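Student: Just so it is clear, I am handing over upload.pdb, which has PDB, C-alpha atoms and all ligand atoms.
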```
ATOM      1  CA  MET A 249       6.611 -12.049  17.472
ATOM      2  CA  PRO A 250       9.806 -10.047  17.893
ATOM      3  CA  ASN A 251      12.124 -10.862  20.749
ATOM      4  CA  ARG A 252      12.333  -7.173  21.644
ATOM      5  CA  THR A 253      10.604  -3.922  20.927
ATOM      6  CA  PHE A 254      11.943  -0.550  19.875
ATOM      7  CA  ASN A 255      10.930   2.486  21.822
ATOM      8  CA  ARG A 256      10.271   4.701  18.784
ATOM      9  CA  LEU A 257      10.257   3.570  15.155
ATOM     10  CA  LEU A 258      10.094   5.978  12.197
ATOM     11  CA  LEU A 259       8.079   4.952   9.135
ATOM     12  CA  THR A 260       8.521   7.169   6.056
ATOM     13  CA  GLY A 261       6.100   6.902   3.143
ATOM     14  CA  ALA A 262       3.352   6.210   5.688
ATOM     15  CA  ALA A 263       0.595   7.613   3.434
ATOM     16  CA  GLY A 264       1.544   5.301   0.543
ATOM     17  CA  GLY A 265       0.114   1.965  -0.555
ATOM     18  CA  LEU A 266       2.541  -0.024   1.599
ATOM     19  CA  GLY A 267       2.805   2.612   4.328
ATOM     20  CA  LYS A 268      -0.931   2.366   5.055
ATOM     21  CA  ILE A 269      -0.529  -1.383   5.614
ATOM     22  CA  LEU A 270       2.679  -1.063   7.637
ATOM     23  CA  ARG A 271       1.092   1.550   9.881
ATOM     24  CA  ASP A 272      -0.851  -1.337  11.412
ATOM     25  CA  THR A 273       1.442  -4.323  10.924
ATOM     26  CA  LEU A 274       4.536  -2.656  12.428
ATOM     27  CA  LYS A 275       2.620  -1.774  15.595
ATOM     28  CA  PRO A 276       3.960  -4.733  17.661
ATOM     29  CA  PHE A 277       7.555  -3.751  16.909
ATOM     30  CA  ALA A 278       7.667  -0.441  18.807
ATOM     31  CA  HIS A 279       6.007   1.397  21.680
ATOM     32  CA  VAL A 280       5.564   4.427  19.413
ATOM     33  CA  ILE A 281       5.559   4.661  15.614
ATOM     34  CA  ARG A 282       6.388   8.041  14.118
ATOM     35  CA  LEU A 283       4.538   8.221  10.806
ATOM     36  CA  SER A 284       5.742  10.571   8.126
ATOM     37  CA  ASP A 285       4.967  11.519   4.545
ATOM     38  CA  ILE A 286       4.830  14.592   2.334
ATOM     39  CA  ALA A 287       1.156  13.742   1.742
ATOM     40  CA  THR A 288      -1.550  14.227   4.332
ATOM     41  CA  LEU A 289      -1.776  11.435   6.877
ATOM     42  CA  ALA A 290      -4.717  10.406   9.033
ATOM     43  CA  PRO A 291      -4.240  11.847  12.547
ATOM     44  CA  ALA A 292      -2.554   9.765  15.259
ATOM     45  CA  ARG A 293      -4.886   6.990  16.413
ATOM     46  CA  GLY A 294      -3.604   6.925  19.972
ATOM     47  CA  SER A 295      -0.526   7.383  22.111
ATOM     48  CA  HIS A 296       1.294   4.687  20.106
ATOM     49  CA  GLU A 297       1.394   6.970  17.031
ATOM     50  CA  GLU A 298       2.997  10.295  16.143
ATOM     51  CA  VAL A 299       2.388  12.046  12.823
ATOM     52  CA  GLN A 300       5.029  14.357  11.389
ATOM     53  CA  ARG A 301       4.763  15.687   7.850
ATOM     54  CA  CYS A 302       8.128  15.960   6.119
ATOM     55  CA  ASP A 303       9.582  16.435   2.646
ATOM     56  CA  LEU A 304      12.476  14.006   2.298
ATOM     57  CA  ALA A 305      14.231  16.518   0.048
ATOM     58  CA  ASP A 306      14.504  18.956   2.983
ATOM     59  CA  LYS A 307      17.643  18.056   4.948
ATOM     60  CA  GLN A 308      16.774  20.062   8.069
ATOM     61  CA  ALA A 309      13.259  18.686   8.204
ATOM     62  CA  VAL A 310      14.559  15.112   7.902
ATOM     63  CA  ASP A 311      17.058  15.779  10.671
ATOM     64  CA  ALA A 312      14.232  16.884  12.966
ATOM     65  CA  LEU A 313      12.137  13.901  11.884
ATOM     66  CA  VAL A 314      14.815  11.385  12.870
ATOM     67  CA  GLU A 315      15.604  12.937  16.256
ATOM     68  CA  GLY A 316      14.496  10.602  19.049
ATOM     69  CA  VAL A 317      13.878   7.448  17.001
ATOM     70  CA  ASP A 318      15.656   4.107  17.495
ATOM     71  CA  ALA A 319      15.175   2.598  14.047
ATOM     72  CA  ILE A 320      13.935   3.698  10.615
ATOM     73  CA  VAL A 321      11.722   1.923   8.093
ATOM     74  CA  HIS A 322      12.372   4.056   5.020
ATOM     75  CA  PHE A 323       9.581   3.579   2.485
ATOM     76  CA  GLY A 324       9.047   7.195   1.366
ATOM     77  CA  GLY A 325       9.879   8.535  -2.078
ATOM     78  CA  VAL A 326       8.866   8.367  -5.712
ATOM     79  CA  SER A 327       7.882   4.750  -6.341
ATOM     80  CA  THR A 328       7.670   4.525 -10.143
ATOM     81  CA  GLU A 329       9.674   5.675 -13.144
ATOM     82  CA  HIS A 330       9.868   9.442 -13.769
ATOM     83  CA  ALA A 331      12.257  12.069 -15.079
ATOM     84  CA  PHE A 332      15.555  12.213 -13.193
ATOM     85  CA  GLU A 333      14.701  15.679 -11.861
ATOM     86  CA  THR A 334      11.520  14.330 -10.240
ATOM     87  CA  ILE A 335      13.387  11.505  -8.532
ATOM     88  CA  LEU A 336      16.442  13.451  -7.427
ATOM     89  CA  GLY A 337      14.997  15.237  -4.379
ATOM     90  CA  PRO A 338      12.785  12.560  -2.769
ATOM     91  CA  ASN A 339      14.893   9.486  -3.545
ATOM     92  CA  ILE A 340      18.520  10.472  -4.036
ATOM     93  CA  CYS A 341      18.826  13.482  -1.728
ATOM     94  CA  GLY A 342      16.159  11.888   0.499
ATOM     95  CA  VAL A 343      18.054   8.679   1.202
ATOM     96  CA  TYR A 344      21.231  10.646   1.951
ATOM     97  CA  HIS A 345      19.270  12.889   4.342
ATOM     98  CA  ILE A 346      17.880   9.842   6.150
ATOM     99  CA  TYR A 347      21.324   8.285   6.695
ATOM    100  CA  GLU A 348      22.985  11.554   7.600
ATOM    101  CA  ALA A 349      20.265  12.182  10.188
ATOM    102  CA  ALA A 350      20.663   8.597  11.442
ATOM    103  CA  ARG A 351      24.391   9.201  11.895
ATOM    104  CA  ARG A 352      23.847  12.487  13.705
ATOM    105  CA  HIS A 353      21.216  11.040  16.051
ATOM    106  CA  GLY A 354      22.855   7.653  16.708
ATOM    107  CA  VAL A 355      20.244   5.490  14.942
ATOM    108  CA  LYS A 356      21.809   2.099  14.246
ATOM    109  CA  ARG A 357      19.202   0.185  12.207
ATOM    110  CA  VAL A 358      17.452   1.029   8.928
ATOM    111  CA  ILE A 359      15.138  -0.942   6.667
ATOM    112  CA  PHE A 360      15.421   0.453   3.144
ATOM    113  CA  ALA A 361      12.670  -0.152   0.578
ATOM    114  CA  SER A 362      14.857  -0.922  -2.418
ATOM    115  CA  SER A 363      13.348  -2.380  -5.554
ATOM    116  CA  ASN A 364      13.682  -5.114  -8.147
ATOM    117  CA  HIS A 365      14.255  -2.248 -10.602
ATOM    118  CA  VAL A 366      17.871  -2.174  -9.376
ATOM    119  CA  ILE A 367      18.294  -5.355 -11.445
ATOM    120  CA  GLY A 368      15.433  -4.794 -13.905
ATOM    121  CA  PHE A 369      17.439  -5.099 -17.142
ATOM    122  CA  HIS A 370      18.383  -8.714 -16.394
ATOM    123  CA  LYS A 371      16.428 -11.174 -18.510
ATOM    124  CA  GLN A 372      13.735 -13.341 -16.977
ATOM    125  CA  SER A 373      15.775 -16.397 -18.006
ATOM    126  CA  GLU A 374      18.439 -15.534 -15.399
ATOM    127  CA  THR A 375      18.587 -16.395 -11.703
ATOM    128  CA  LEU A 376      20.136 -13.664  -9.578
ATOM    129  CA  ASP A 377      21.524 -13.466  -6.077
ATOM    130  CA  ALA A 378      22.641 -10.493  -4.008
ATOM    131  CA  THR A 379      26.067 -10.483  -5.684
ATOM    132  CA  SER A 380      24.748 -10.369  -9.259
ATOM    133  CA  PRO A 381      25.662  -7.198 -11.143
ATOM    134  CA  ARG A 382      23.022  -4.532 -10.853
ATOM    135  CA  ARG A 383      21.311  -3.478 -14.072
ATOM    136  CA  PRO A 384      18.969  -0.611 -13.147
ATOM    137  CA  ASP A 385      16.122  -0.187 -15.607
ATOM    138  CA  GLY A 386      15.604   3.570 -15.232
ATOM    139  CA  TYR A 387      16.163   6.631 -13.078
ATOM    140  CA  TYR A 388      13.964   5.110 -10.376
ATOM    141  CA  GLY A 389      16.061   1.925 -10.347
ATOM    142  CA  LEU A 390      19.214   4.045 -10.339
ATOM    143  CA  SER A 391      17.965   5.914  -7.279
ATOM    144  CA  LYS A 392      17.401   2.630  -5.431
ATOM    145  CA  SER A 393      20.853   1.416  -6.499
ATOM    146  CA  PHE A 394      22.293   4.639  -5.041
ATOM    147  CA  GLY A 395      20.292   4.033  -1.867
ATOM    148  CA  GLU A 396      21.822   0.571  -1.477
ATOM    149  CA  ASP A 397      25.297   2.078  -1.886
ATOM    150  CA  VAL A 398      24.541   4.762   0.695
ATOM    151  CA  ALA A 399      23.434   1.982   3.062
ATOM    152  CA  MET A 400      26.687   0.081   2.454
ATOM    153  CA  PHE A 401      28.790   3.207   2.990
ATOM    154  CA  TYR A 402      27.053   4.168   6.230
ATOM    155  CA  PHE A 403      27.636   0.643   7.531
ATOM    156  CA  ASP A 404      31.314   0.568   6.559
ATOM    157  CA  ARG A 405      31.995   4.086   7.826
ATOM    158  CA  TYR A 406      29.586   4.481  10.769
ATOM    159  CA  GLY A 407      28.302   0.995  11.665
ATOM    160  CA  ILE A 408      24.666   1.750  10.793
ATOM    161  CA  GLU A 409      23.116  -1.600   9.819
ATOM    162  CA  THR A 410      20.581  -1.873   6.996
ATOM    163  CA  LEU A 411      18.349  -4.439   5.414
ATOM    164  CA  SER A 412      17.825  -3.383   1.797
ATOM    165  CA  ILE A 413      14.715  -5.190   0.578
ATOM    166  CA  ARG A 414      14.611  -5.412  -3.214
ATOM    167  CA  ILE A 415      10.826  -5.522  -3.186
ATOM    168  CA  GLY A 416       9.289  -7.327  -6.138
ATOM    169  CA  SER A 417       5.587  -6.463  -6.470
ATOM    170  CA  SER A 418       3.822  -5.908  -3.166
ATOM    171  CA  PHE A 419       0.135  -5.545  -3.842
ATOM    172  CA  PRO A 420      -2.962  -7.418  -2.634
ATOM    173  CA  ALA A 421      -2.592  -9.795  -5.622
ATOM    174  CA  PRO A 422      -0.302 -10.240  -8.643
ATOM    175  CA  GLN A 423      -1.640  -8.178 -11.547
ATOM    176  CA  ASN A 424      -0.013  -9.986 -14.499
ATOM    177  CA  LEU A 425       2.130 -12.990 -15.443
ATOM    178  CA  ARG A 426       5.379 -11.248 -14.491
ATOM    179  CA  MET A 427       4.089 -10.624 -10.987
ATOM    180  CA  MET A 428       3.500 -14.362 -10.545
ATOM    181  CA  HIS A 429       7.308 -14.382 -10.077
ATOM    182  CA  THR A 430       7.731 -11.098  -8.217
ATOM    183  CA  TRP A 431       4.720 -10.979  -5.891
ATOM    184  CA  LEU A 432       5.300 -10.255  -2.191
ATOM    185  CA  SER A 433       2.347 -10.496   0.168
ATOM    186  CA  TYR A 434       1.890  -7.873   2.861
ATOM    187  CA  ASP A 435       2.376 -10.529   5.568
ATOM    188  CA  ASP A 436       5.673 -11.656   4.049
ATOM    189  CA  LEU A 437       6.799  -8.035   3.667
ATOM    190  CA  THR A 438       6.047  -7.480   7.346
ATOM    191  CA  GLN A 439       8.004 -10.607   8.244
ATOM    192  CA  LEU A 440      10.986  -9.335   6.241
ATOM    193  CA  ILE A 441      10.882  -6.004   8.058
ATOM    194  CA  GLU A 442      10.662  -7.803  11.387
ATOM    195  CA  ARG A 443      13.675  -9.952  10.512
ATOM    196  CA  GLY A 444      15.554  -6.851   9.395
ATOM    197  CA  LEU A 445      14.772  -5.004  12.613
ATOM    198  CA  PHE A 446      15.513  -7.779  15.074
ATOM    199  CA  THR A 447      18.188 -10.046  13.551
ATOM    200  CA  GLU A 448      21.549  -9.321  15.139
ATOM    201  CA  HIS A 449      24.557  -8.401  13.018
ATOM    202  CA  ILE A 450      23.085  -7.825   9.581
ATOM    203  CA  GLY A 451      25.712  -5.339   8.378
ATOM    204  CA  HIS A 452      24.298  -4.329   5.027
ATOM    205  CA  THR A 453      22.178  -7.239   3.865
ATOM    206  CA  ILE A 454      20.375  -7.309   0.520
ATOM    207  CA  VAL A 455      17.316  -9.520   0.249
ATOM    208  CA  TYR A 456      14.929 -10.019  -2.658
ATOM    209  CA  GLY A 457      11.423  -9.304  -1.434
ATOM    210  CA  ALA A 458       9.245 -12.063  -2.845
ATOM    211  CA  SER A 459       6.829 -14.563  -1.343
ATOM    212  CA  ALA A 460       7.352 -18.318  -1.714
ATOM    213  CA  ASN A 461       6.166 -18.191  -5.324
ATOM    214  CA  ALA A 462       6.354 -21.406  -7.351
ATOM    215  CA  HIS A 463       8.622 -19.740  -9.927
ATOM    216  CA  THR A 464      11.308 -17.249  -9.033
ATOM    217  CA  TRP A 465      14.275 -15.467 -10.586
ATOM    218  CA  TRP A 466      15.845 -14.730  -7.197
ATOM    219  CA  ASP A 467      18.067 -16.676  -4.821
ATOM    220  CA  ASN A 468      18.266 -15.330  -1.257
ATOM    221  CA  ARG A 469      21.178 -17.497  -0.128
ATOM    222  CA  TYR A 470      23.195 -14.449   1.042
ATOM    223  CA  ALA A 471      20.349 -13.414   3.304
ATOM    224  CA  ALA A 472      19.978 -16.842   4.971
ATOM    225  CA  HIS A 473      20.969 -15.344   8.361
ATOM    226  CA  LEU A 474      17.637 -13.475   8.372
ATOM    227  CA  ASN A 475      15.778 -16.785   8.562
ATOM    228  CA  TYR A 476      13.068 -15.293   6.344
ATOM    229  CA  GLN A 477      10.394 -17.951   5.828
ATOM    230  CA  PRO A 478       7.782 -16.634   3.397
ATOM    231  CA  LYS A 479       4.324 -18.078   4.000
ATOM    232  CA  ASP A 480       2.407 -16.966   0.897
ATOM    233  CA  SER A 481       2.596 -17.864  -2.780
ATOM    234  CA  SER A 482       1.256 -16.210  -5.941
ATOM    235  CA  GLU A 483       0.062 -19.637  -7.143
ATOM    236  CA  ARG A 484      -3.423 -19.197  -5.639
ATOM    237  CA  PHE A 485      -3.971 -16.307  -8.086
ATOM    238  CA  ARG A 486      -2.832 -18.212 -11.189
ATOM    239  CA  GLU A 487      -6.269 -18.904 -12.592
ATOM    240  CA  GLN A 488      -7.341 -15.248 -12.467
ATOM    241  CA  VAL A 489      -3.981 -14.009 -13.826
ATOM    242  CA  GLU A 490      -4.029 -16.476 -16.722
ATOM    243  CA  LYS A 491      -7.458 -15.179 -17.766
ATOM    244  CA  LEU A 492      -5.884 -11.787 -18.581
ATOM    245  CA  PRO A 493      -4.797 -11.081 -22.185
ATOM    246  CA  LYS A 494      -1.339 -12.639 -22.652
ATOM    247  CA  PRO A 495       1.377 -10.179 -23.767
ATOM    248  CA  ALA A 496       3.469 -11.054 -26.851
ATOM    249  CA  ALA A 497       6.621 -13.075 -26.156
ATOM    250  CA  ASP A 498       8.813 -10.069 -26.975
ATOM    251  CA  ASP A 499       6.852  -7.646 -24.787
ATOM    252  CA  PRO A 500       9.193  -6.191 -22.101
ATOM    253  CA  SER A 501       6.887  -7.566 -19.416
ATOM    254  CA  MET A 502       7.730 -11.080 -20.693
ATOM    255  CA  VAL A 503      11.455 -10.525 -21.315
ATOM    256  CA  TYR A 504      12.940  -8.407 -18.533
ATOM    257  CA  GLN A 505      12.779  -8.874 -14.777
ATOM    258  CA  GLY A 506      11.829  -5.198 -14.437
ATOM    259  CA  GLY A 507       9.015  -5.609 -16.967
ATOM    260  CA  VAL A 508       7.637  -2.478 -18.606
ATOM    261  CA  PHE A 509       9.864  -0.172 -16.530
ATOM    262  CA  VAL A 510      12.698  -0.917 -19.007
ATOM    263  CA  ALA A 511      10.749   0.874 -21.751
ATOM    264  CA  ALA A 512       9.521   3.920 -19.795
ATOM    265  CA  GLY A 513      10.483   7.382 -21.057
ATOM    266  CA  PRO A 514      12.290   9.279 -22.365
ATOM    267  CA  PHE A 515      10.720  11.982 -20.235
ATOM    268  CA  GLY A 516      10.289  15.622 -21.069
ATOM    269  CA  ASP A 517      10.111  18.209 -18.330
ATOM    270  CA  GLU A 518       7.742  17.068 -15.610
TER     271      GLU A 518
HETATM  272  P1  LIG B   1       3.675   4.790  -2.864
HETATM  273  O1  LIG B   1       4.012   5.682  -4.002
HETATM  274  O2  LIG B   1       2.257   4.407  -2.672
HETATM  275  O3  LIG B   1       4.211   5.440  -1.499
HETATM  276  C1  LIG B   1       5.356   6.255  -1.449
HETATM  277  C2  LIG B   1       5.066   7.390  -0.477
HETATM  278  O4  LIG B   1       6.204   8.246  -0.460
HETATM  279  C3  LIG B   1       3.854   8.241  -0.896
HETATM  280  O5  LIG B   1       2.888   8.281   0.139
HETATM  281  C4  LIG B   1       4.446   9.600  -1.202
HETATM  282  O6  LIG B   1       3.599  10.678  -0.807
HETATM  283  C5  LIG B   1       5.730   9.573  -0.361
HETATM  284  N1  LIG B   1       6.687  10.543  -0.892
HETATM  285  C6  LIG B   1       6.967  10.817  -2.200
HETATM  286  N2  LIG B   1       7.820  11.857  -2.271
HETATM  287  C7  LIG B   1       8.086  12.231  -0.999
HETATM  288  C8  LIG B   1       8.876  13.261  -0.425
HETATM  289  N3  LIG B   1       9.568  14.135  -1.174
HETATM  290  N4  LIG B   1       8.924  13.364   0.919
HETATM  291  C9  LIG B   1       8.230  12.512   1.694
HETATM  292  N5  LIG B   1       7.446  11.529   1.224
HETATM  293  C10 LIG B   1       7.378  11.404  -0.118
HETATM  294  O7  LIG B   1       4.591   3.490  -3.020
HETATM  295  P2  LIG B   1       4.476   2.087  -2.276
HETATM  296  O8  LIG B   1       3.986   1.100  -3.245
HETATM  297  O9  LIG B   1       3.782   2.242  -0.990
HETATM  298  O10 LIG B   1       6.018   1.765  -2.028
HETATM  299  C11 LIG B   1       6.666   2.127  -0.831
HETATM  300  C12 LIG B   1       8.163   2.014  -1.032
HETATM  301  O11 LIG B   1       8.491   0.704  -1.448
HETATM  302  C13 LIG B   1       8.706   2.955  -2.098
HETATM  303  O12 LIG B   1       9.970   3.434  -1.686
HETATM  304  C14 LIG B   1       8.839   2.071  -3.306
HETATM  305  O13 LIG B   1       9.869   2.537  -4.163
HETATM  306  C15 LIG B   1       9.179   0.742  -2.682
HETATM  307  N6  LIG B   1       8.789  -0.383  -3.510
HETATM  308  C16 LIG B   1       7.463  -0.726  -3.622
HETATM  309  C17 LIG B   1       7.089  -1.799  -4.400
HETATM  310  C18 LIG B   1       5.681  -2.287  -4.483
HETATM  311  O14 LIG B   1       5.455  -3.304  -5.141
HETATM  312  N7  LIG B   1       4.699  -1.653  -3.846
HETATM  313  C19 LIG B   1       8.089  -2.539  -5.176
HETATM  314  C20 LIG B   1       9.447  -2.087  -4.995
HETATM  315  C21 LIG B   1       9.760  -1.050  -4.172
HETATM  316  C1  LIG B   2       8.327  -1.046  -7.903
HETATM  317  O1  LIG B   2       9.451  -0.720  -7.548
HETATM  318  C2  LIG B   2       7.181  -0.113  -7.800
HETATM  319  O2  LIG B   2       7.288   0.711  -6.664
HETATM  320  C3  LIG B   2       5.838  -0.792  -7.792
HETATM  321  O3  LIG B   2       4.841   0.188  -8.047
HETATM  322  C4  LIG B   2       5.769  -1.917  -8.823
HETATM  323  O4  LIG B   2       5.759  -1.388 -10.090
HETATM  324  C5  LIG B   2       6.913  -2.878  -8.617
HETATM  325  O5  LIG B   2       8.169  -2.232  -8.547
HETATM  326  C6  LIG B   2       7.025  -3.956  -9.714
HETATM  327  O6  LIG B   2       8.092  -4.073 -10.300
HETATM  328  O7  LIG B   2       6.057  -4.664  -9.911
END
```
I need this file expressed as structure tokens, please.
Tutor:
Amino acid sequence: MPNRTFNRLLLTGAAGGLGKILRDTLKPFAHVIRLSDIATLAPARGSHEEVQRCDLADKQAVDALVEGVDAIVHFGGVSTEHAFETILGPNICGVYHIYEAARRHGVKRVIFASSNHVIGFHKQSETLDATSPRRPDGYYGLSKSFGEDVAMFYFDRYGIETLSIRIGSSFPAPQNLRMMHTWLSYDDLTQLIERGLFTEHIGHTIVYGASANAHTWWDNRYAAHLNYQPKDSSERFREQVEKLPKPAADDPSMVYQGGVFVAAGPFGDE
């Protein structure tokens, strides 16, 4: 349990796969959660929820969205690889709008849903830490890399602290052999967000978002101050994952940390 509670927490991307989970699991961390998405959301389920539709690409709307909140869990945006033009508004303009609104309204803590696709072109034979060079595997990964830089800048310039979580694969279960390395359970994701919200003095911290999987490509030594202690492991799914057809050794999903994202596109007009 957290050692304190925010008055009002903003969750973007609340209608998404992770947002629907976080809507419930973030409840203990704030008196009120303001839920937002461009997609339709279920109505507020009580006085502890507020629902505010917003397009992240709309600067004025994001400014109004952030007014009155004490912390932001920013999970909204395009979550897979697409043409640059599709990603530009929600992810690149969107993350700038969030931080600019945070600056204007005095919000001092953000959790940013970054992604393993910031480093996706590294080979699976490598072990990375937070200082490893980024190798984005597409426009989506580039947008998350930009988001991490925005977070760093707003800390250096304005003192807004961020935990950038380079989420691996956060689904109910790993869906393939690659995800045996990258899987992050919903409980461990929630713990990471809790640590990001309530740990003092995080500056801009980057953490790889993975459970305590038996095999990993990621070393979280530079995020040790979070005291993140993952409880789950992908190992309990091994039998079912190993029953799936095994990709060839040179398939991108077996070579690159970002898996098939490295081979997405080129995209025409979307
Ligand atoms: P999702 O695609 O299910 O949810 C993203 C939400 O953002 C959607 O509900 C969508 O309507 C909303 N959104 C898209 N464009 C928007 C806009 N212009 N304005 C406002 N909202 C907009 O994705 P998921 O899986 O829930 O992921 C949540 C976040 O975590 C995303 O930022 C994603 O990039 C990141 N992430 C997720 C991973 C995973 O394994 N689920 C892995 C790495 C990162
Ligand atoms: C991501 O960044 C995506 O949002 C998610 O849908 C998965 O594809 C995940 O990465 C992954 O790499 O498994």
Student: If we count all atoms listed in the file, what is near Leu425 (chain A) at a cut-off of 12 Å, once residues fewer than 2 positions away on the same chain are taken out, given as a ChimeraX atom specification?
Tutor: /A:372,417,421-423,427-431,463-464,482-483,485-497,499-503,505,507
Student: Applied to the shown file, which residues does the PyMOL selection byres (((chain A and resi 396-406) around 12) and not hetatm) return, written as a compact mmCIF listing (two decimals) with C-alpha atoms, in the frame of the given file?
Tutor:
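Wrote it out as expr.txt, contents follow:
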```txt
# COMPACT_ATOMS: atom_id res chain seq x y z
CA HIS A 322 12.37 4.06 5.02
CA ASN A 339 14.89 9.49 -3.54
CA ILE A 340 18.52 10.47 -4.04
CA CYS A 341 18.83 13.48 -1.73
CA GLY A 342 16.16 11.89 0.50
CA VAL A 343 18.05 8.68 1.20
CA TYR A 344 21.23 10.65 1.95
CA HIS A 345 19.27 12.89 4.34
CA ILE A 346 17.88 9.84 6.15
CA TYR A 347 21.32 8.28 6.70
CA GLU A 348 22.98 11.55 7.60
CA ALA A 349 20.26 12.18 10.19
CA ALA A 350 20.66 8.60 11.44
CA ARG A 351 24.39 9.20 11.90
CA ARG A 352 23.85 12.49 13.70
CA HIS A 353 21.22 11.04 16.05
CA GLY A 354 22.86 7.65 16.71
CA VAL A 355 20.24 5.49 14.94
CA LYS A 356 21.81 2.10 14.25
CA ARG A 357 19.20 0.18 12.21
CA VAL A 358 17.45 1.03 8.93
CA ILE A 359 15.14 -0.94 6.67
CA PHE A 360 15.42 0.45 3.14
CA ALA A 361 12.67 -0.15 0.58
CA SER A 362 14.86 -0.92 -2.42
CA SER A 363 13.35 -2.38 -5.55
CA ASN A 364 13.68 -5.11 -8.15
CA VAL A 366 17.87 -2.17 -9.38
CA ALA A 378 22.64 -10.49 -4.01
CA ARG A 382 23.02 -4.53 -10.85
CA GLY A 389 16.06 1.92 -10.35
CA LEU A 390 19.21 4.04 -10.34
CA SER A 391 17.96 5.91 -7.28
CA LYS A 392 17.40 2.63 -5.43
CA SER A 393 20.85 1.42 -6.50
CA PHE A 394 22.29 4.64 -5.04
CA GLY A 395 20.29 4.03 -1.87
CA GLY A 407 28.30 1.00 11.66
CA ILE A 408 24.67 1.75 10.79
CA GLU A 409 23.12 -1.60 9.82
CA THR A 410 20.58 -1.87 7.00
CA LEU A 411 18.35 -4.44 5.41
CA SER A 412 17.82 -3.38 1.80
CA ILE A 413 14.72 -5.19 0.58
CA ARG A 414 14.61 -5.41 -3.21
CA HIS A 449 24.56 -8.40 13.02
CA ILE A 450 23.08 -7.82 9.58
CA GLY A 451 25.71 -5.34 8.38
CA HIS A 452 24.30 -4.33 5.03
CA THR A 453 22.18 -7.24 3.86
CA ILE A 454 20.38 -7.31 0.52
CA VAL A 455 17.32 -9.52 0.25
```
Student: Please identify every polymer residue within 6 Å of ligand LIG 2 (chain B), using all atoms listed in the file, and present the set as a count of residues only.
Tutor: 7
Student: Measuring between all atoms listed in the file, which one of A:Arg469, A:Arg301, A:His279, A:Arg252 shows the shortest distance to ligand LIG 1 (chain B)?
Tutor: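 The closest residue to ligand LIG 1 (chain B) is A:Arg301.
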Student: Determine the residue set returned by the PyMOL selection byres (((chain A and resi 294) around 12) and not hetatm) for the present structure, and present it as a list of chain:residue names.
Tutor: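 Applied to this file, the PyMOL selection byres (((chain A and resi 294) around 12) and not hetatm) returns A:Lys275, A:His279, A:Val280, A:Ile281, A:Arg282, A:Ala290, A:Pro291, A:Ala292, A:Arg293, A:Ser295, A:His296, A:Glu297, A:Glu298, A:Val299.
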Student: Near Gly368 (chain A), within 7 Å and counting only C-alpha atoms, which residues show up once chain neighbours fewer than 5 positions away are dropped, as a ChimeraX atom specification?
Tutor: /A:383-385,504-506,510
Student: Counting all atoms listed in the file, what are the residues, protein, DNA or RNA alike, that approach ligand LIG 1 (chain B) to within 7 Å? I want them as a short mmCIF file (atom, residue, chain, number, x, y, z; two decimals) with C-alpha atoms, keeping the file's coordinate frame.
Tutor:
```cif
data_model
loop_
_atom_site.label_atom_id
_atom_site.label_comp_id
_atom_site.auth_asym_id
_atom_site.auth_seq_id
_atom_site.Cartn_x
_atom_site.Cartn_y
_atom_site.Cartn_z
CA THR A 260 8.52 7.17 6.06
CA GLY A 261 6.10 6.90 3.14
CA ALA A 262 3.35 6.21 5.69
CA ALA A 263 0.60 7.61 3.43
CA GLY A 264 1.54 5.30 0.54
CA GLY A 265 0.11 1.96 -0.56
CA LEU A 266 2.54 -0.02 1.60
CA GLY A 267 2.80 2.61 4.33
CA ASP A 285 4.97 11.52 4.54
CA ILE A 286 4.83 14.59 2.33
CA ALA A 287 1.16 13.74 1.74
CA CYS A 302 8.13 15.96 6.12
CA ASP A 303 9.58 16.43 2.65
CA LEU A 304 12.48 14.01 2.30
CA ALA A 305 14.23 16.52 0.05
CA PHE A 323 9.58 3.58 2.48
CA GLY A 324 9.05 7.20 1.37
CA GLY A 325 9.88 8.54 -2.08
CA VAL A 326 8.87 8.37 -5.71
CA SER A 327 7.88 4.75 -6.34
CA THR A 328 7.67 4.53 -10.14
CA GLY A 337 15.00 15.24 -4.38
CA PRO A 338 12.78 12.56 -2.77
CA ALA A 361 12.67 -0.15 0.58
CA SER A 362 14.86 -0.92 -2.42
CA SER A 363 13.35 -2.38 -5.55
CA ASN A 364 13.68 -5.11 -8.15
CA ARG A 414 14.61 -5.41 -3.21
CA ILE A 415 10.83 -5.52 -3.19
CA GLY A 416 9.29 -7.33 -6.14
CA SER A 417 5.59 -6.46 -6.47
CA SER A 418 3.82 -5.91 -3.17
CA PHE A 419 0.14 -5.54 -3.84
#
```
Student: Which centre and which edge lengths, in Å to one decimal, describe the axis-aligned box that holds all listed atoms of region 416-433 of chain A after 4 Å is added on each side, as JSON?
Tutor:
```
{"center_x": 3.2, "center_y": -10.0, "center_z": -7.6, "size_x": 20.3, "size_y": 16.8, "size_z": 23.6}
```
Student: Quick one: pull the distance between CA of Ser459 (chain A) and CA of His330 (chain A), Å, one decimal.
Tutor: 27.2 Å
Student: If you measure from CA of Asp377 (chain A) to CA of Ala472 (chain A), what distance in Å do you get, rounded to one decimal?
Tutor: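 These atoms are spaced 11.7 Å apart.
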Student: Can you spell out as a VMD selection string the set of residues that the PyMOL selection byres (((chain A and resi 513) around 12) and not hetatm) selects in the structure I just provided?
Tutor: chain A and resid 328 to 332 385 to 388 508 to 512 514 to 518
